[in-house]
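Text of the file model-v2.cif, holding mmCIF, C-alpha atoms:
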data_input
loop_
_atom_site.group_PDB
_atom_site.id
_atom_site.type_symbol
_atom_site.label_atom_id
_atom_site.label_comp_id
_atom_site.auth_asym_id
_atom_site.auth_seq_id
_atom_site.Cartn_x
_atom_site.Cartn_y
_atom_site.Cartn_z
ATOM 1 C CA MET H 1 58.741 9.998 73.736
ATOM 2 C CA SER H 2 55.954 10.314 71.179
ATOM 3 C CA SER H 3 56.408 12.271 67.976
ATOM 4 C CA ALA H 4 53.775 14.853 68.987
ATOM 5 C CA ALA H 5 55.591 15.537 72.253
ATOM 6 C CA ALA H 6 58.932 15.845 70.473
ATOM 7 C CA VAL H 7 57.483 18.256 67.905
ATOM 8 C CA TYR H 8 55.860 20.377 70.626
ATOM 9 C CA ILE H 9 58.983 20.514 72.826
ATOM 10 C CA GLU H 10 61.256 21.385 69.905
ATOM 11 C CA SER H 11 58.952 24.119 68.542
ATOM 12 C CA HIS H 12 58.310 25.552 72.035
ATOM 13 C CA LYS H 13 62.047 25.654 72.727
ATOM 14 C CA ARG H 14 62.703 27.538 69.504
ATOM 15 C CA LEU H 15 59.859 29.981 70.190
ATOM 16 C CA SER H 16 61.140 30.550 73.745
ATOM 17 C CA ASP H 17 64.655 31.236 72.478
ATOM 18 C CA TRP H 18 63.346 33.731 69.910
ATOM 19 C CA ASN H 19 61.182 35.402 72.562
ATOM 20 C CA ASP H 20 64.165 35.717 74.938
ATOM 21 C CA GLU H 21 66.374 37.196 72.214
ATOM 22 C CA LEU H 22 63.732 39.763 71.249
ATOM 23 C CA GLU H 23 63.170 40.639 74.915
ATOM 24 C CA PHE H 24 66.920 41.167 75.327
ATOM 25 C CA LEU H 25 67.185 43.469 72.285
ATOM 26 C CA GLY H 26 64.029 45.348 73.282
ATOM 27 C CA PHE H 27 65.349 45.809 76.818
ATOM 28 C CA VAL H 28 68.654 47.211 75.511
ATOM 29 C CA LEU H 29 66.820 49.633 73.216
ATOM 30 C CA LEU H 30 64.504 50.762 76.020
ATOM 31 C CA GLU H 31 67.482 51.328 78.310
ATOM 32 C CA ILE H 32 68.807 53.750 75.692
ATOM 33 C CA VAL H 33 65.517 55.370 74.664
ATOM 34 C CA ASP H 34 63.283 55.486 77.752
ATOM 35 C CA PRO H 35 64.695 53.969 80.992
ATOM 36 C CA GLU H 36 62.398 56.132 83.133
ATOM 37 C CA GLY H 37 59.350 54.791 81.297
ATOM 38 C CA ILE H 38 60.177 51.249 82.441
ATOM 39 C CA GLU H 39 59.941 52.310 86.092
ATOM 40 C CA GLU H 40 56.710 54.193 85.358
ATOM 41 C CA ARG H 41 55.269 50.901 84.104
ATOM 42 C CA GLY H 42 56.021 49.333 87.507
ATOM 43 C CA PHE H 43 59.265 47.479 86.750
ATOM 44 C CA CYS H 44 61.735 48.461 89.458
ATOM 45 C CA TRP H 45 64.216 46.006 87.989
ATOM 46 C CA HIS H 46 64.298 47.121 84.378
ATOM 47 C CA GLN H 47 65.225 43.726 83.014
ATOM 48 C CA ALA H 48 61.939 42.251 84.289
ATOM 49 C CA VAL H 49 60.004 44.045 81.533
ATOM 50 C CA ASP H 50 58.253 41.538 79.263
ATOM 51 C CA LEU H 51 57.975 41.546 75.482
ATOM 52 C CA PRO H 52 54.386 42.909 75.164
ATOM 53 C CA THR H 53 55.295 45.868 77.378
ATOM 54 C CA ILE H 54 58.466 46.442 75.353
ATOM 55 C CA ILE H 55 56.447 46.474 72.124
ATOM 56 C CA ASP H 56 53.901 48.937 73.560
ATOM 57 C CA MET H 57 56.597 51.271 74.879
ATOM 58 C CA LEU H 58 58.590 51.235 71.623
ATOM 59 C CA GLN H 59 55.488 51.888 69.536
ATOM 60 C CA HIS H 60 54.571 54.738 71.887
ATOM 61 C CA ALA H 61 58.106 56.120 71.608
ATOM 62 C CA CYS H 62 57.787 56.107 67.801
ATOM 63 C CA SER H 63 54.788 58.468 68.100
ATOM 64 C CA ILE H 64 56.294 61.086 70.446
ATOM 65 C CA PRO H 65 57.975 63.953 68.512
ATOM 66 C CA ASN H 66 60.819 64.701 70.934
ATOM 67 C CA GLU H 67 61.781 61.096 71.698
ATOM 68 C CA LYS H 68 65.130 59.703 70.615
ATOM 69 C CA LEU H 69 63.607 57.350 68.052
ATOM 70 C CA ARG H 70 61.769 60.182 66.286
ATOM 71 C CA GLN H 71 64.959 62.262 66.300
ATOM 72 C CA THR H 72 67.032 59.457 64.785
ATOM 73 C CA LEU H 73 64.760 57.665 62.268
ATOM 74 C CA ASN H 74 62.701 59.100 59.431
ATOM 75 C CA LYS H 75 58.954 58.607 59.051
ATOM 76 C CA LYS H 76 59.228 55.726 56.586
ATOM 77 C CA SER H 77 61.629 53.784 58.824
ATOM 78 C CA LEU H 78 59.468 54.411 61.887
ATOM 79 C CA LYS H 79 56.371 53.156 60.092
ATOM 80 C CA TYR H 80 58.107 49.975 58.973
ATOM 81 C CA PHE H 81 59.590 49.450 62.458
ATOM 82 C CA LYS H 82 56.122 49.687 64.025
ATOM 83 C CA THR H 83 54.883 47.094 61.533
ATOM 84 C CA LEU H 84 57.696 44.747 62.550
ATOM 85 C CA LEU H 85 56.824 45.232 66.216
ATOM 86 C CA ASP H 86 53.248 44.181 65.484
ATOM 87 C CA GLN H 87 54.560 41.030 63.806
ATOM 88 C CA CYS H 88 56.698 40.362 66.880
ATOM 89 C CA ARG H 89 53.527 39.738 68.897
ATOM 90 C CA GLN H 90 52.893 36.611 66.822
ATOM 91 C CA ILE H 91 56.068 34.965 68.148
ATOM 92 C CA ARG H 92 55.298 35.870 71.748
ATOM 93 C CA ASN H 93 51.661 34.736 71.503
ATOM 94 C CA ALA H 94 52.658 31.414 69.918
ATOM 95 C CA MET H 95 55.089 30.834 72.794
ATOM 96 C CA ALA H 96 52.792 32.052 75.581
ATOM 97 C CA HIS H 97 49.752 30.090 74.339
ATOM 98 C CA HIS H 98 51.826 26.906 73.941
ATOM 99 C CA GLN H 99 51.053 26.569 70.268
ATOM 100 C CA SER H 100 52.763 23.958 68.122
ATOM 101 C CA PRO H 101 53.115 25.482 64.628
ATOM 102 C CA ASP H 102 54.225 23.375 61.680
ATOM 103 C CA GLU H 103 57.551 23.760 59.873
ATOM 104 C CA SER H 104 56.285 26.248 57.287
ATOM 105 C CA ARG H 105 54.797 28.452 60.024
ATOM 106 C CA LEU H 106 58.031 28.198 62.044
ATOM 107 C CA ARG H 107 60.065 29.262 59.018
ATOM 108 C CA ILE H 108 57.846 32.310 58.539
ATOM 109 C CA LEU H 109 58.131 33.240 62.227
ATOM 110 C CA GLN H 110 61.898 32.690 62.126
ATOM 111 C CA GLU H 111 62.266 35.020 59.155
ATOM 112 C CA LYS H 112 60.190 37.675 60.938
ATOM 113 C CA LYS H 113 62.314 37.236 64.066
ATOM 114 C CA GLU H 114 65.594 37.551 62.159
ATOM 115 C CA ASN H 115 64.335 40.624 60.314
ATOM 116 C CA LEU H 116 63.215 42.272 63.563
ATOM 117 C CA SER H 117 66.477 41.320 65.325
ATOM 118 C CA SER H 118 68.491 42.889 62.540
ATOM 119 C CA TRP H 119 66.410 46.062 62.709
ATOM 120 C CA LEU H 120 66.623 46.257 66.494
ATOM 121 C CA GLN H 121 70.405 45.887 66.504
ATOM 122 C CA SER H 122 70.788 48.494 63.749
ATOM 123 C CA ILE H 123 68.521 50.957 65.570
ATOM 124 C CA ILE H 124 70.328 50.318 68.874
ATOM 125 C CA ARG H 125 73.713 51.145 67.350
ATOM 126 C CA LEU H 126 72.303 54.150 65.479
ATOM 127 C CA VAL H 127 70.624 55.684 68.545
ATOM 128 C CA ALA H 128 73.589 54.842 70.781
ATOM 129 C CA SER H 129 76.031 56.560 68.431
ATOM 130 C CA GLU H 130 73.673 59.525 68.027
ATOM 131 C CA PHE H 131 73.390 60.121 71.792
ATOM 132 C CA ASP H 132 76.925 58.922 72.741
ATOM 133 C CA ILE H 133 75.889 55.810 74.711
ATOM 134 C CA HIS H 134 78.478 53.017 74.727
ATOM 135 C CA GLU H 135 77.241 50.275 77.062
ATOM 136 C CA VAL H 136 74.232 48.831 78.900
ATOM 137 C CA LYS H 137 74.193 46.741 82.052
ATOM 138 C CA TRP H 138 72.503 43.356 81.790
ATOM 139 C CA CYS H 139 72.149 40.555 84.311
ATOM 140 C CA PRO H 140 72.238 37.006 82.906
ATOM 141 C CA TYR H 141 70.194 34.508 84.858
ATOM 142 C CA THR H 142 69.892 30.821 84.078
ATOM 143 C CA ALA H 143 68.924 27.681 85.959
ATOM 144 C CA GLN H 144 72.479 27.368 87.304
ATOM 145 C CA SER H 145 72.577 30.970 88.443
ATOM 146 C CA GLN H 146 69.285 30.545 90.303
ATOM 147 C CA ILE H 147 70.630 27.496 92.141
ATOM 148 C CA GLN H 148 73.876 29.193 93.094
ATOM 149 C CA ALA H 149 72.152 32.523 93.798
ATOM 150 C CA THR H 150 74.728 34.512 91.857
ATOM 151 C CA TYR H 151 73.260 37.472 90.007
ATOM 152 C CA ASN H 152 76.130 39.556 88.665
ATOM 153 C CA GLU H 153 75.606 42.264 86.113
ATOM 154 C CA SER H 154 77.489 42.098 82.831
ATOM 155 C CA THR H 155 78.311 44.874 80.419
ATOM 156 C CA ILE H 156 76.851 44.839 76.926
ATOM 157 C CA SER H 157 79.087 46.883 74.630
ATOM 158 C CA LEU H 158 77.204 48.875 72.002
ATOM 159 C CA ASP H 159 80.313 49.707 69.983
ATOM 160 C CA ASP H 160 81.695 46.334 68.928
ATOM 161 C CA GLY H 161 80.366 42.843 68.278
ATOM 162 C CA PRO H 162 76.808 41.636 67.603
ATOM 163 C CA LEU H 163 74.586 42.060 70.639
ATOM 164 C CA LEU H 164 73.090 38.572 70.467
ATOM 165 C CA LEU H 165 76.574 37.063 70.266
ATOM 166 C CA GLN H 166 77.605 38.977 73.407
ATOM 167 C CA ARG H 167 74.484 37.695 75.154
ATOM 168 C CA GLU H 168 75.254 34.115 74.141
ATOM 169 C CA GLN H 169 78.860 34.383 75.321
ATOM 170 C CA ILE H 170 77.783 35.801 78.688
ATOM 171 C CA LEU H 171 75.217 33.028 79.161
ATOM 172 C CA GLU H 172 77.795 30.390 78.266
ATOM 173 C CA SER H 173 80.236 31.827 80.786
ATOM 174 C CA VAL H 174 77.556 31.690 83.471
ATOM 175 C CA LYS H 175 76.649 28.080 82.665
ATOM 176 C CA LYS H 176 80.262 26.785 82.784
ATOM 177 C CA PRO H 177 81.064 25.262 86.196
ATOM 178 C CA GLN H 178 84.297 26.282 87.893
ATOM 179 C CA ILE H 179 86.404 23.229 88.894
ATOM 180 C CA LYS H 180 89.180 23.764 91.430
ATOM 181 C CA SER H 181 92.097 21.345 91.565
ATOM 182 C CA THR H 182 93.363 20.066 94.946
ATOM 183 C CA SER H 183 96.850 18.879 94.069
ATOM 184 C CA ALA H 184 99.416 19.107 91.322
ATOM 185 C CA LYS H 185 99.281 15.363 90.580
ATOM 186 C CA ARG H 186 95.498 15.330 90.407
ATOM 187 C CA LYS H 187 95.651 18.473 88.335
ATOM 188 C CA SER H 188 97.978 16.832 85.841
ATOM 189 C CA LYS H 189 95.726 13.779 85.608
ATOM 190 C CA ALA H 190 92.639 15.945 85.295
ATOM 191 C CA THR H 191 94.339 17.963 82.582
ATOM 192 C CA GLU H 192 95.143 14.857 80.544
ATOM 193 C CA GLU H 193 91.643 13.480 80.914
ATOM 194 C CA GLY H 194 90.231 16.946 80.371
ATOM 195 C CA ARG H 195 92.049 17.247 77.100
ATOM 196 C CA LYS H 196 90.466 14.048 75.879
ATOM 197 C CA ARG H 197 87.050 15.137 77.105
ATOM 198 C CA HIS H 198 87.479 18.566 75.556
ATOM 199 C CA TRP H 199 88.611 17.011 72.292
ATOM 200 C CA GLU H 200 85.624 14.693 72.224
ATOM 201 C CA ALA H 201 83.321 17.553 73.169
ATOM 202 C CA PHE H 202 84.915 19.714 70.501
ATOM 203 C CA LYS H 203 84.359 17.041 67.834
ATOM 204 C CA ILE H 204 80.765 16.577 68.959
ATOM 205 C CA ALA H 205 80.212 20.351 68.960
ATOM 206 C CA GLN H 206 81.716 20.669 65.498
ATOM 207 C CA ARG H 207 79.580 17.813 64.258
ATOM 208 C CA ARG H 208 76.494 19.407 65.750
ATOM 209 C CA LYS H 209 77.465 22.747 64.262
ATOM 210 C CA VAL H 210 77.828 21.193 60.807
ATOM 211 C CA GLU H 211 74.515 19.378 61.186
ATOM 212 C CA ARG H 212 72.879 22.553 62.446
ATOM 213 C CA ARG H 213 74.289 24.528 59.529
ATOM 214 C CA ARG H 214 73.084 21.818 57.160
ATOM 215 C CA ASP H 215 69.616 21.934 58.717
ATOM 216 C CA ILE H 216 69.557 25.712 58.453
ATOM 217 C CA ASP H 217 70.636 25.570 54.813
ATOM 218 C CA THR H 218 67.971 22.952 54.124
ATOM 219 C CA GLN H 219 65.324 25.091 55.805
ATOM 220 C CA LYS H 220 66.475 28.118 53.834
ATOM 221 C CA ASP H 221 66.324 26.137 50.585
ATOM 222 C CA GLU H 222 62.855 24.861 51.432
ATOM 223 C CA TYR H 223 61.688 28.351 52.346
ATOM 224 C CA ARG H 224 63.246 29.801 49.173
ATOM 225 C CA ARG H 225 61.547 27.086 47.116
ATOM 226 C CA TYR H 226 58.249 27.780 48.881
ATOM 227 C CA LYS H 227 58.541 31.518 48.250
ATOM 228 C CA LEU H 228 59.422 30.918 44.592
ATOM 229 C CA GLN H 229 56.409 28.644 44.156
ATOM 230 C CA GLU H 230 54.191 31.199 45.866
ATOM 231 C CA LEU H 231 55.622 33.988 43.700
ATOM 232 C CA ASP H 232 55.205 31.984 40.477
ATOM 233 C CA GLY H 233 51.687 30.944 41.422
ATOM 234 C CA ASP H 234 50.711 34.519 42.175
ATOM 235 C CA TYR H 235 52.243 35.706 38.904
ATOM 236 C CA TYR H 236 50.492 33.096 36.765
ATOM 237 C CA GLN H 237 47.196 33.688 38.556
ATOM 238 C CA ARG H 238 47.418 37.426 37.873
ATOM 239 C CA ARG H 239 48.485 36.712 34.297
ATOM 240 C CA GLN H 240 45.450 34.453 33.772
ATOM 241 C CA LEU H 241 43.215 37.151 35.235
ATOM 242 C CA ARG H 242 44.694 39.788 32.902
ATOM 243 C CA LEU H 243 44.235 37.469 29.896
ATOM 244 C CA MET H 244 40.595 36.948 30.859
ATOM 245 C CA GLN H 245 40.184 40.702 31.101
ATOM 246 C CA VAL H 246 41.820 41.116 27.668
ATOM 247 C CA ASP H 247 39.444 38.522 26.170
ATOM 248 C CA ARG H 248 36.516 40.317 27.722
ATOM 249 C CA ILE H 249 37.704 43.659 26.328
ATOM 250 C CA GLU H 250 38.199 42.124 22.868
ATOM 251 C CA TYR H 251 34.672 40.678 22.987
ATOM 252 C CA LEU H 252 33.221 44.041 24.005
ATOM 253 C CA MET H 253 35.192 45.838 21.291
ATOM 254 C CA ALA H 254 33.972 43.350 18.657
ATOM 255 C CA SER H 255 30.367 43.802 19.808
ATOM 256 C CA GLU H 256 30.690 47.594 19.760
ATOM 257 C CA GLU H 257 32.273 47.503 16.302
ATOM 258 C CA LYS H 258 29.455 45.267 15.004
ATOM 259 C CA GLU H 259 26.819 47.607 16.419
ATOM 260 C CA TRP H 260 28.661 50.614 14.958
ATOM 261 C CA ARG H 261 28.790 49.039 11.495
ATOM 262 C CA TYR H 262 25.102 48.137 11.636
ATOM 263 C CA GLN H 263 24.031 51.622 12.704
ATOM 264 C CA ARG H 264 26.320 53.233 10.137
ATOM 265 C CA THR H 265 24.960 50.995 7.350
ATOM 266 C CA ARG H 266 21.382 51.878 8.254
ATOM 267 C CA TYR H 267 22.202 55.566 8.243
ATOM 268 C CA LEU H 268 24.011 55.339 4.901
ATOM 269 C CA GLU H 269 21.126 53.373 3.320
ATOM 270 C CA TYR H 270 18.603 55.954 4.486
ATOM 271 C CA GLU H 271 20.787 58.758 3.225
ATOM 272 C CA ALA H 272 21.285 56.993 -0.135
ATOM 273 C CA SER H 273 17.530 56.492 -0.588
ATOM 274 C CA ALA H 274 16.883 60.120 0.294
ATOM 275 C CA VAL H 275 19.531 61.212 -2.204
ATOM 276 C CA ASN H 276 18.054 58.975 -4.942
ATOM 277 C CA PHE H 277 14.530 60.305 -4.368
ATOM 278 C CA SER H 278 15.669 63.893 -4.448
ATOM 279 C CA SER H 279 17.722 63.140 -7.566
ATOM 280 C CA CYS H 280 14.649 61.739 -9.331
ATOM 281 C CA ILE H 281 12.589 64.786 -8.462
ATOM 282 C CA SER H 282 15.349 67.088 -9.621
ATOM 283 C CA PHE H 283 15.746 65.154 -12.862
ATOM 284 C CA THR H 284 11.978 65.277 -13.494
ATOM 285 C CA LEU H 285 11.773 68.998 -12.829
ATOM 286 C CA ALA H 286 14.805 69.621 -15.002
ATOM 287 C CA LEU H 287 13.284 67.546 -17.795
ATOM 288 C CA LEU H 288 10.016 69.438 -17.544
ATOM 289 C CA ALA H 289 11.854 72.737 -17.550
ATOM 290 C CA VAL H 290 13.843 71.778 -20.636
ATOM 291 C CA SER H 291 10.822 70.369 -22.499
ATOM 292 C CA ALA H 292 8.456 73.186 -21.435
ATOM 293 C CA PRO H 293 8.672 75.071 -24.803
ATOM 294 C CA LEU H 294 7.850 71.909 -26.694
ATOM 295 C CA TRP H 295 4.899 71.103 -24.502
ATOM 296 C CA LEU H 296 3.789 74.730 -24.646
ATOM 297 C CA GLY H 297 4.069 74.717 -28.429
ATOM 298 C CA LEU H 298 2.087 71.521 -28.689
ATOM 299 C CA PHE H 299 -0.523 72.956 -26.384
ATOM 300 C CA ILE H 300 -0.811 76.143 -28.424
ATOM 301 C CA ARG H 301 -0.973 74.153 -31.655
ATOM 302 C CA CYS H 302 -3.704 71.973 -30.289
ATOM 303 C CA VAL H 303 -5.639 74.996 -29.111
ATOM 304 C CA TRP H 304 -5.144 76.711 -32.481
ATOM 305 C CA LYS H 305 -6.206 73.653 -34.413
ATOM 306 C CA GLY H 306 -9.275 73.297 -32.234
ATOM 307 C CA ALA H 307 -10.123 76.941 -32.767
ATOM 308 C CA GLN H 308 -9.687 76.588 -36.542
ATOM 309 C CA GLU H 309 -11.946 73.586 -36.612
ATOM 310 C CA SER H 310 -14.596 75.384 -34.571
ATOM 311 C CA PHE H 311 -14.510 78.516 -36.699
ATOM 312 C CA GLY H 312 -14.469 76.476 -39.934
ATOM 313 C CA ARG H 313 -17.557 74.578 -38.895
ATOM 314 C CA LEU H 314 -19.262 77.860 -37.966
ATOM 315 C CA PHE H 315 -18.520 79.464 -41.364
ATOM 316 C CA SER H 316 -19.761 76.397 -43.205
ATOM 317 C CA ILE H 317 -23.130 76.599 -41.423
ATOM 318 C CA LYS H 318 -23.565 80.265 -42.342
ATOM 319 C CA ASP H 319 -22.883 79.540 -46.043
ATOM 320 C CA VAL H 320 -25.536 76.873 -46.075
ATOM 321 C CA SER H 321 -28.112 79.198 -44.504
ATOM 322 C CA PHE H 322 -27.534 81.886 -47.075
#
For this file, produce the structure as structure tokens.
Amino acid sequence: MSSAAAVYIESHKRLSDWNDELEFLGFVLLEIVDPEGIEERGFCWHQAVDLPTIIDMLQHACSIPNEKLRQTLNKKSLKYFKTLLDQCRQIRNAMAHHQSPDESRLRILQEKKENLSSWLQSIIRLVASEFDIHEVKWCPYTAQSQIQATYNESTISLDDGPLLLQREQILESVKKPQIKSTSAKRKSKATEEGRKRHWEAFKIAQRRKVERRRDIDTQKDEYRRYKLQELDGDYYQRRQLRLMQVDRIEYLMASEEKEWRYQRTRYLEYEASAVNFSSCISFTLALLAVSAPLWLGLFIRCVWKGAQESFGRLFSIKDVSF
């Protein structure tokens, strides 16, 4: 088998398992919240409802005032639950369109699936306890059940045990073949051989469980490392942006301060020159006012001396004529 085929089969199997688990939880919640609505959508057998229809019905139930979801959850929880339901479509579309996402995309989808599964199980228990509902009938069907044509309903308890674990246990019980012994001797031999087979199967199962747990831990570490790198990168990018904005603000403040100092200096120089000119005029006027008697005295003396000289010359001419 080529690597591309192995990657596609493994990813498609995981997406199918996630889609089946979400369909199971959505079916259980719809059986509690709106069983009549399933028949109105054309599903006589309620369990035949598919995931897109479940998402549409649950989102519609979140918007109706008198529905059980609106009576149990607050507005903030309902809004977040509707957002998770929208994200659930990504898993179903990836499975239905036979996409082959890479490991990082699968980790993101797995985290969304686990978050939605946790919310669905919490809401199921909350609504069931609120309206006193204790169990839901569910019919497991697998490849073996289709061959043997045995379709027996099982009871899903809403009071104890995780719902997905109950589903897994019921499916395992359906898949196990029932072997009937024909004689006591053969039964004893089969029991001895069965013990060995069971022991070997148990060791293999434990080994697979350890490897699976190790793979899950590795995937969680890789996802945690990826989220930390993404968080650090986002932080440093925003920090660099803020530092650039600070530099820009400092440059603008320096430019504004330079312009302010220039304008203020010009205004102060003009004011100083105006003050100096007015001071000179005031000093000149004050000097003239103080020295006015002196100048007036000099003027009168000059006028008097000129008059004396004029009159003296006139009298001297008259004496000569006589």
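The residue that comes closest to Arg89 in chain H, out of H:Leu29, H:Leu109, H:Ile38, H:Ile300 and on the basis of only C-alpha atoms, is H:Leu109.
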My list of candidates is H:Arg261, H:Asp86, H:Ala128, H:Ile32. Which is closest to His46 in chain H when distances are computed with all atoms listed in the file?
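For His46 in chain H, the nearest of the candidates is H:Ile32.
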Provide an axis-aligned box for all listed atoms of range 75-88 of chain H, padding each side by 5 Å; report its centre and its edge lengths in Å to one decimal, as JSON.
{"center_x": 57.4, "center_y": 49.5, "center_z": 61.7, "size_x": 18.4, "size_y": 28.2, "size_z": 20.3}
So that I can see what lies close to Val49 in chain H, please list as a PDB file with C-alpha atoms, in the coordinates of the input the residues with an atom at most 12 Å from it, counting all atoms listed in the file and leaving out residues fewer than 5 positions away in the same chain.
ATOM      1  CA  ASP H  20      64.165  35.717  74.938  1.00  0.00           C
ATOM      2  CA  LEU H  22      63.732  39.763  71.249  1.00  0.00           C
ATOM      3  CA  GLU H  23      63.170  40.639  74.915  1.00  0.00           C
ATOM      4  CA  PHE H  24      66.920  41.167  75.327  1.00  0.00           C
ATOM      5  CA  LEU H  25      67.185  43.469  72.285  1.00  0.00           C
ATOM      6  CA  GLY H  26      64.029  45.348  73.282  1.00  0.00           C
ATOM      7  CA  PHE H  27      65.349  45.809  76.818  1.00  0.00           C
ATOM      8  CA  VAL H  28      68.654  47.211  75.511  1.00  0.00           C
ATOM      9  CA  LEU H  30      64.504  50.762  76.020  1.00  0.00           C
ATOM     10  CA  GLU H  31      67.482  51.328  78.310  1.00  0.00           C
ATOM     11  CA  PRO H  35      64.695  53.969  80.992  1.00  0.00           C
ATOM     12  CA  GLY H  37      59.350  54.791  81.297  1.00  0.00           C
ATOM     13  CA  ILE H  38      60.177  51.249  82.441  1.00  0.00           C
ATOM     14  CA  GLU H  39      59.941  52.310  86.092  1.00  0.00           C
ATOM     15  CA  GLU H  40      56.710  54.193  85.358  1.00  0.00           C
ATOM     16  CA  ARG H  41      55.269  50.901  84.104  1.00  0.00           C
ATOM     17  CA  GLY H  42      56.021  49.333  87.507  1.00  0.00           C
ATOM     18  CA  PHE H  43      59.265  47.479  86.750  1.00  0.00           C
ATOM     19  CA  CYS H  44      61.735  48.461  89.458  1.00  0.00           C
ATOM     20  CA  ILE H  54      58.466  46.442  75.353  1.00  0.00           C
ATOM     21  CA  ILE H  55      56.447  46.474  72.124  1.00  0.00           C
ATOM     22  CA  ASP H  56      53.901  48.937  73.560  1.00  0.00           C
ATOM     23  CA  MET H  57      56.597  51.271  74.879  1.00  0.00           C
TER      24      MET H  57
END
Between CA of Gln206 in chain H and CA of Glu172 in chain H - distance in Å to one decimal
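That distance, rounded to one decimal, is 16.5 Å.
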Please reconstruct the missing atoms of range 255-260 of chain H (target: all heavy atoms) and return them as a PDB file, keeping the file's coordinate frame.
ATOM      1  N   SER H 255      31.802  43.517  19.762  1.00  0.00           N
ATOM      2  CA  SER H 255      30.367  43.802  19.808  1.00  0.00           C
ATOM      3  C   SER H 255      30.085  45.261  19.472  1.00  0.00           C
ATOM      4  O   SER H 255      29.158  45.577  18.714  1.00  0.00           O
ATOM      5  CB  SER H 255      29.815  43.458  21.195  1.00  0.00           C
ATOM      6  OG  SER H 255      30.023  42.104  21.498  1.00  0.00           O
ATOM      7  N   GLU H 256      30.886  46.169  20.047  1.00  0.00           N
ATOM      8  CA  GLU H 256      30.690  47.594  19.760  1.00  0.00           C
ATOM      9  C   GLU H 256      30.956  47.902  18.291  1.00  0.00           C
ATOM     10  O   GLU H 256      30.245  48.712  17.676  1.00  0.00           O
ATOM     11  CB  GLU H 256      31.605  48.424  20.662  1.00  0.00           C
ATOM     12  CG  GLU H 256      31.207  48.374  22.130  1.00  0.00           C
ATOM     13  CD  GLU H 256      32.214  49.080  23.007  1.00  0.00           C
ATOM     14  OE1 GLU H 256      33.240  49.547  22.448  1.00  0.00           O
ATOM     15  OE2 GLU H 256      31.975  49.184  24.227  1.00  0.00           O
ATOM     16  N   GLU H 257      31.992  47.272  17.720  1.00  0.00           N
ATOM     17  CA  GLU H 257      32.273  47.503  16.302  1.00  0.00           C
ATOM     18  C   GLU H 257      31.152  46.980  15.421  1.00  0.00           C
ATOM     19  O   GLU H 257      30.761  47.629  14.422  1.00  0.00           O
ATOM     20  CB  GLU H 257      33.593  46.818  15.928  1.00  0.00           C
ATOM     21  CG  GLU H 257      34.010  47.077  14.488  1.00  0.00           C
ATOM     22  CD  GLU H 257      35.341  46.428  14.151  1.00  0.00           C
ATOM     23  OE1 GLU H 257      35.917  45.797  15.060  1.00  0.00           O
ATOM     24  OE2 GLU H 257      35.789  46.554  12.990  1.00  0.00           O
ATOM     25  N   LYS H 258      30.576  45.825  15.765  1.00  0.00           N
ATOM     26  CA  LYS H 258      29.455  45.267  15.004  1.00  0.00           C
ATOM     27  C   LYS H 258      28.249  46.197  15.068  1.00  0.00           C
ATOM     28  O   LYS H 258      27.590  46.462  14.050  1.00  0.00           O
ATOM     29  CB  LYS H 258      29.116  43.887  15.569  1.00  0.00           C
ATOM     30  CG  LYS H 258      28.037  43.159  14.795  1.00  0.00           C
ATOM     31  CD  LYS H 258      27.810  41.777  15.398  1.00  0.00           C
ATOM     32  CE  LYS H 258      26.707  41.048  14.628  1.00  0.00           C
ATOM     33  NZ  LYS H 258      26.460  39.692  15.203  1.00  0.00           N
ATOM     34  N   GLU H 259      27.955  46.687  16.269  1.00  0.00           N
ATOM     35  CA  GLU H 259      26.819  47.607  16.419  1.00  0.00           C
ATOM     36  C   GLU H 259      27.073  48.903  15.658  1.00  0.00           C
ATOM     37  O   GLU H 259      26.173  49.465  15.017  1.00  0.00           O
ATOM     38  CB  GLU H 259      26.611  47.896  17.916  1.00  0.00           C
ATOM     39  CG  GLU H 259      25.452  48.828  18.229  1.00  0.00           C
ATOM     40  CD  GLU H 259      24.111  48.197  17.919  1.00  0.00           C
ATOM     41  OE1 GLU H 259      24.035  46.955  17.828  1.00  0.00           O
ATOM     42  OE2 GLU H 259      23.133  48.967  17.751  1.00  0.00           O
ATOM     43  N   TRP H 260      28.312  49.386  15.690  1.00  0.00           N
ATOM     44  CA  TRP H 260      28.661  50.614  14.958  1.00  0.00           C
ATOM     45  C   TRP H 260      28.486  50.434  13.457  1.00  0.00           C
ATOM     46  O   TRP H 260      27.932  51.304  12.781  1.00  0.00           O
ATOM     47  CB  TRP H 260      30.097  50.983  15.291  1.00  0.00           C
ATOM     48  CG  TRP H 260      30.677  52.046  14.397  1.00  0.00           C
ATOM     49  CD1 TRP H 260      30.352  53.361  14.386  1.00  0.00           C
ATOM     50  CD2 TRP H 260      31.660  51.847  13.373  1.00  0.00           C
ATOM     51  NE1 TRP H 260      31.077  54.025  13.431  1.00  0.00           N
ATOM     52  CE2 TRP H 260      31.889  53.119  12.783  1.00  0.00           C
ATOM     53  CE3 TRP H 260      32.368  50.771  12.912  1.00  0.00           C
ATOM     54  CZ2 TRP H 260      32.792  53.299  11.742  1.00  0.00           C
ATOM     55  CZ3 TRP H 260      33.276  50.949  11.882  1.00  0.00           C
ATOM     56  CH2 TRP H 260      33.483  52.195  11.305  1.00  0.00           C
TER      57      TRP H 260
END
